[in-house]
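To start, the structure itself, in structure tokens.
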Amino acid sequence: MSEQVPTGGEFFARHSALLNEAAAAAESREFFNPYKESPSPRVYGEEAPKAGEAAFKALLDREFALPGHPGTGTVAPTETSPYGFSLGVSYPRVTPDEAIAATRAAAGPWRDTTPDVRAGVAAEILGRLNAASFEIAHAVHHTTGQAFVMAFQAGGPNAQERGLEAVTYAWVEQRRLPRTARWTKPQRKGEPLVLDKKFTPVGHGVALLVACNTFPTWNGYPGLFASLVAGNPVVVKPHPGAVLPLAVTVRVAREVLAEAGFDPNVVVLAAEGHDDRTAAEYAVRPEIRIVDFTGSTAFGNWLEGNARQARVFTEKAGLNTVVVDSTDDYRGMLGNLAFSLSLYSGQMCTTPQNLLVPRNGIATDQGTKKPDEFAADLGTALDKLLGDPARAAGTLGAVANKGVKARLEEAAALGRVAHASQPVEHPEYADALLRTPLVARLDAAKDRETFTREWFGPVSFVIDTESTDESLRLLRETVGEHGALTASVYSTDEGVLEAAESSAHEAGVHLSENLTGGVFVNQTTAFTDFHGSAANPAASATLSDAAFVTGRFSFLESRRHAAAEEATGA
């Protein structure tokens, strides 16, 4: 006799109104803000900031506790804060064999329960993560180098919103078909054929989440929660430099799963040392049926080519491009671009890299501006934005790793620097490495090899083109060949804007037009903005759309003849 399947229905009852609101927002694309992004004590409570910081500090210099977690031994500390100290946190060590065995053993009841129950459990996890936003913010701040307010917003509420968005899409798509149906086919003679049919969404199997260093929760939550709600257990494999935010997430998820009556090994943490390289080993295991990855193009392409047994969802690198044609708000354009280049020291997958400017200049409300003058004015805008060290620290955060620093030094050696990167002293952390953006001048005809590389970090290029038409052609070609997460255009000419939109459609990239205010090309909002596009090489998925969730489950049908008395209506 099979064991009774846990229901966890109380969580769905608790969160059904939120899920319905989220579904309506995903359809309307209107403003929806379920998790407040202000770290104000007035929003989260007077004690929340201190309690969150204390909870974070209590995790340092000890082993992270995950009761009942599979595996033996520990992974030695791997995380060093970009602000100058070792976190000293060790984690449970689990081998791929142990992690896969544990998740597969836990999978049955989770797979067999209803989408409503899974969505309710996921929404409860997100609610508790929201309550822990200050703890998570400190963990994100000290693993990624994001400034604290950004770490709170992007690592907490904004990530939770992206998670809820994935929950919503997975829940809605699994409810698209009726659970049961009676099929009646009239016959020329005799009684009709009558079948009772059942349609069940069934998860594909164990999912692997390979997370990144810079946005472990924002980029990690969509895949985690889409797989869970689709009925799949998940192995969470953090980047060795940013384990703690996802360890806290796994801890909360396991607690909620256990309370709902499920085996907490539906979610397992697979921490590793810097030299372990287990992601590739996990990814090609036949038991792994889903892979979510954010990171380098090289490994993303390897996953797409080698994890053939799995559905692979990637977000990789790209050449984010801005076409500058004309503007009626030159100061506003420069300020918007300066902030976009500076936010988190350009360590965002959406930061603009290539700014294409016609050689003969652009028409503005301050006269014609040729590329050299535009680059100089952009440098002035950067200096104005980042002139105060405290404000600069709050915008730039810290350089996350040595690779970013090396690229910055390589770009400086190109020899055509229009705005040099400068060090900034952090007012609290003397050992933090803060650097302002570097802007270099390039030529579209001569420097293609340089600007068709991704320079992840605070490096951007003002590139001379022959005309706006050539700029749009370069947008189509470079994004089509190398991919991009974002594209932007500035023009007062409606014809140019239409041509830019057409070029973006051809290249397969999302487009922002004439941003001069408080909305920036490198920021997207859940439930209204898409992030990434499988239409260009920088990604194989969009956060979030239906395709992001439907590859994680299949509808399976059971059918039988209806009982005779039921078929005849007796």
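Every chain in the structure tokens has a letter given in the order shown (A, B, ...), and although residue numbers restart at 1 in each chain, ligands are simply numbered from 1 in the order shown.
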Problem set entry | Within 12 Å of Asp275 (chain A) using only C-alpha atoms, minus same-chain residues under 5 positions, as a VMD selection string | chain A and resid 75 to 76 78 239 to 241
Problem set entry | All strand (DSSP E) positions in region 311-422 of chain A, as number ranges by chain | A: 311-315, 321-324, 354-358, 417-419
List as a Markdown table every residue of region 438-555 of chain A that is in contact with region 163-185 of chain A, defined as an atom at most 8 Å from one of its atoms (using only C-alpha atoms), together with the nearest atom pair and the distance in Å rounded to one decimal, sorted by chain and then rising number.
```
| residue | atom | partner | partner_atom | distance |
| --- | --- | --- | --- | --- |
| A:Ala526 | CA | A:Glu165 | CA | 6.6 |
| A:Phe527 | CA | A:Glu165 | CA | 6.2 |
| A:Leu543 | CA | A:Ala166 | CA | 7.8 |
| A:Ser544 | CA | A:Ala166 | CA | 6.2 |
| A:Asp545 | CA | A:Tyr169 | CA | 6.9 |
| A:Ala546 | CA | A:Tyr169 | CA | 6.2 |
| A:Val549 | CA | A:Ala170 | CA | 5.4 |
| A:Thr550 | CA | A:Glu173 | CA | 7.0 |
```
Problem set entry | Spatial neighbours of Phe451 (chain A), 12 Å, only C-alpha atoms, chain gap at least 5 places, as a VMD selection string | chain A and resid 318 to 321 352 to 356 411 414 440 to 446 456 459 to 464 474 to 475 478 to 479 482
For this session: One decimal, Å: what's the distance from CA of Thr524 (chain A) over to CA of Gly120 (chain A), could you say?
Result: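 Separation between CA of Thr524 (chain A) and CA of Gly120 (chain A): 25.6 Å.
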Would you tabulate, counting only C-alpha atoms, all residues of region 72-166 of chain A that have an atom at most 9 Å from an atom of region 283-290 of chain A, showing the closest pair of atoms and their distance in Å to one decimal, sorted by chain then ascending number, as a tab-separated table?
```
residue	atom	partner	partner_atom	distance
A:Pro96	CA	A:Arg285	CA	8.9
A:Ile100	CA	A:Glu287	CA	7.3
A:Arg104	CA	A:Glu287	CA	8.5
```
Written file, previous selection with N, CA, C and O atoms, as a PDB file, in the first residue's frame:
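Generated file (out27.pdb):
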```
ATOM      1  N   PRO A  96      28.183  14.206  -5.961  1.00  0.00           N
ATOM      2  CA  PRO A  96      27.086  14.096  -6.927  1.00  0.00           C
ATOM      3  C   PRO A  96      26.257  12.838  -6.730  1.00  0.00           C
ATOM      4  O   PRO A  96      25.018  12.888  -6.831  1.00  0.00           O
ATOM      5  N   ILE A 100      22.281  13.354  -5.876  1.00  0.00           N
ATOM      6  CA  ILE A 100      21.290  12.845  -6.831  1.00  0.00           C
ATOM      7  C   ILE A 100      20.453  11.752  -6.191  1.00  0.00           C
ATOM      8  O   ILE A 100      19.228  11.697  -6.367  1.00  0.00           O
ATOM      9  N   ARG A 104      16.406  12.169  -5.733  1.00  0.00           N
ATOM     10  CA  ARG A 104      15.530  11.192  -6.401  1.00  0.00           C
ATOM     11  C   ARG A 104      14.653  10.464  -5.388  1.00  0.00           C
ATOM     12  O   ARG A 104      13.478  10.181  -5.646  1.00  0.00           O
TER      13      ARG A 104
END
```
For this session: Write down as an MDAnalysis selection string the residues belonging to region 424-544 of chain A that are assigned helix (DSSP H, G or I) by DSSP computed on the backbone.
Result: chainID A and resid 448:451 468:482 494:507
Output the selection as an mmCIF file, in the first residue's frame - C-alpha atoms for each residue.
```cif
data_model
loop_
_atom_site.group_PDB
_atom_site.id
_atom_site.type_symbol
_atom_site.label_atom_id
_atom_site.label_comp_id
_atom_site.auth_asym_id
_atom_site.auth_seq_id
_atom_site.Cartn_x
_atom_site.Cartn_y
_atom_site.Cartn_z
ATOM 1 C CA ARG A 448 35.977 45.231 -34.424
ATOM 2 C CA GLU A 449 38.068 42.523 -32.782
ATOM 3 C CA THR A 450 38.189 44.584 -29.580
ATOM 4 C CA PHE A 451 34.556 45.607 -29.255
ATOM 5 C CA THR A 468 23.263 55.866 -37.725
ATOM 6 C CA ASP A 469 22.462 53.363 -40.472
ATOM 7 C CA GLU A 470 25.863 51.758 -39.894
ATOM 8 C CA SER A 471 25.254 51.821 -36.140
ATOM 9 C CA LEU A 472 22.022 49.910 -36.640
ATOM 10 C CA ARG A 473 23.770 47.470 -38.975
ATOM 11 C CA LEU A 474 26.441 46.880 -36.315
ATOM 12 C CA LEU A 475 23.718 46.319 -33.728
ATOM 13 C CA ARG A 476 22.160 43.645 -35.931
ATOM 14 C CA GLU A 477 25.470 41.991 -36.771
ATOM 15 C CA THR A 478 27.222 42.000 -33.412
ATOM 16 C CA VAL A 479 24.180 41.055 -31.345
ATOM 17 C CA GLY A 480 23.182 38.455 -33.904
ATOM 18 C CA GLU A 481 26.659 36.907 -33.802
ATOM 19 C CA HIS A 482 27.607 37.338 -30.147
ATOM 20 C CA GLU A 494 10.543 58.471 -35.252
ATOM 21 C CA GLY A 495 11.866 56.805 -38.387
ATOM 22 C CA VAL A 496 15.135 55.993 -36.634
ATOM 23 C CA LEU A 497 13.257 54.614 -33.627
ATOM 24 C CA GLU A 498 11.207 52.376 -35.913
ATOM 25 C CA ALA A 499 14.366 51.217 -37.684
ATOM 26 C CA ALA A 500 16.017 50.530 -34.315
ATOM 27 C CA GLU A 501 13.047 48.461 -33.188
ATOM 28 C CA SER A 502 13.159 46.510 -36.435
ATOM 29 C CA SER A 503 16.916 45.956 -35.970
ATOM 30 C CA ALA A 504 16.359 44.769 -32.400
ATOM 31 C CA HIS A 505 13.715 42.331 -33.596
ATOM 32 C CA GLU A 506 16.074 40.990 -36.242
ATOM 33 C CA ALA A 507 18.887 40.638 -33.703
#
```
Compile a residue-level contact table for region 418-441 of chain A against region 136-158 of chain A at a cut-off of 10 Å, reporting for every qualifying residue the shortest atom pair and its distance in Å to one decimal, with only C-alpha atoms counted, rows ordered by chain and ascending number, as CSV.
```
residue,atom,partner,partner_atom,distance
A:Ala432,CA,A:Gly145,CA,8.7
A:Leu433,CA,A:Gly145,CA,9.3
A:Leu434,CA,A:Gly145,CA,9.5
```
The selected residues should be written to file as a compact mmCIF listing (two decimals), in the first residue's frame (atoms: all heavy atoms).
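As written to disk, result-v1.txt reads:
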```
# COMPACT_ATOMS: atom_id res chain seq x y z
N ALA A 432 38.51 47.50 0.50
CA ALA A 432 37.64 47.26 -0.66
C ALA A 432 38.24 47.91 -1.90
O ALA A 432 38.80 49.01 -1.83
CB ALA A 432 36.25 47.83 -0.40
N LEU A 433 38.12 47.21 -3.04
CA LEU A 433 38.61 47.75 -4.31
C LEU A 433 37.43 48.37 -5.05
O LEU A 433 36.54 47.66 -5.53
CB LEU A 433 39.25 46.65 -5.15
CG LEU A 433 39.75 47.09 -6.53
CD1 LEU A 433 40.83 48.15 -6.42
CD2 LEU A 433 40.24 45.88 -7.34
N LEU A 434 37.41 49.69 -5.15
CA LEU A 434 36.38 50.43 -5.88
C LEU A 434 37.03 51.16 -7.04
O LEU A 434 38.05 51.84 -6.86
CB LEU A 434 35.67 51.44 -4.97
CG LEU A 434 34.52 50.93 -4.09
CD1 LEU A 434 35.04 49.97 -3.02
CD2 LEU A 434 33.80 52.11 -3.43
```
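For the pair CA of Thr364 (chain A) and CA of Leu515 (chain A), the separation is 14.6 Å.
Each of A:Tyr91, A:Phe225, A:Trp218, A:Phe374 was checked against Glu272 (chain A) using only C-alpha atoms; the smallest atom-to-atom distance is that of A:Tyr91.
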Exercise. Between A:Phe199, A:Gly190, A:Phe31, A:Glu79, which is the closest to Leu556 (chain A) once you count only C-alpha atoms?
Worked result: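 The closest residue to Leu556 (chain A) is A:Phe199.
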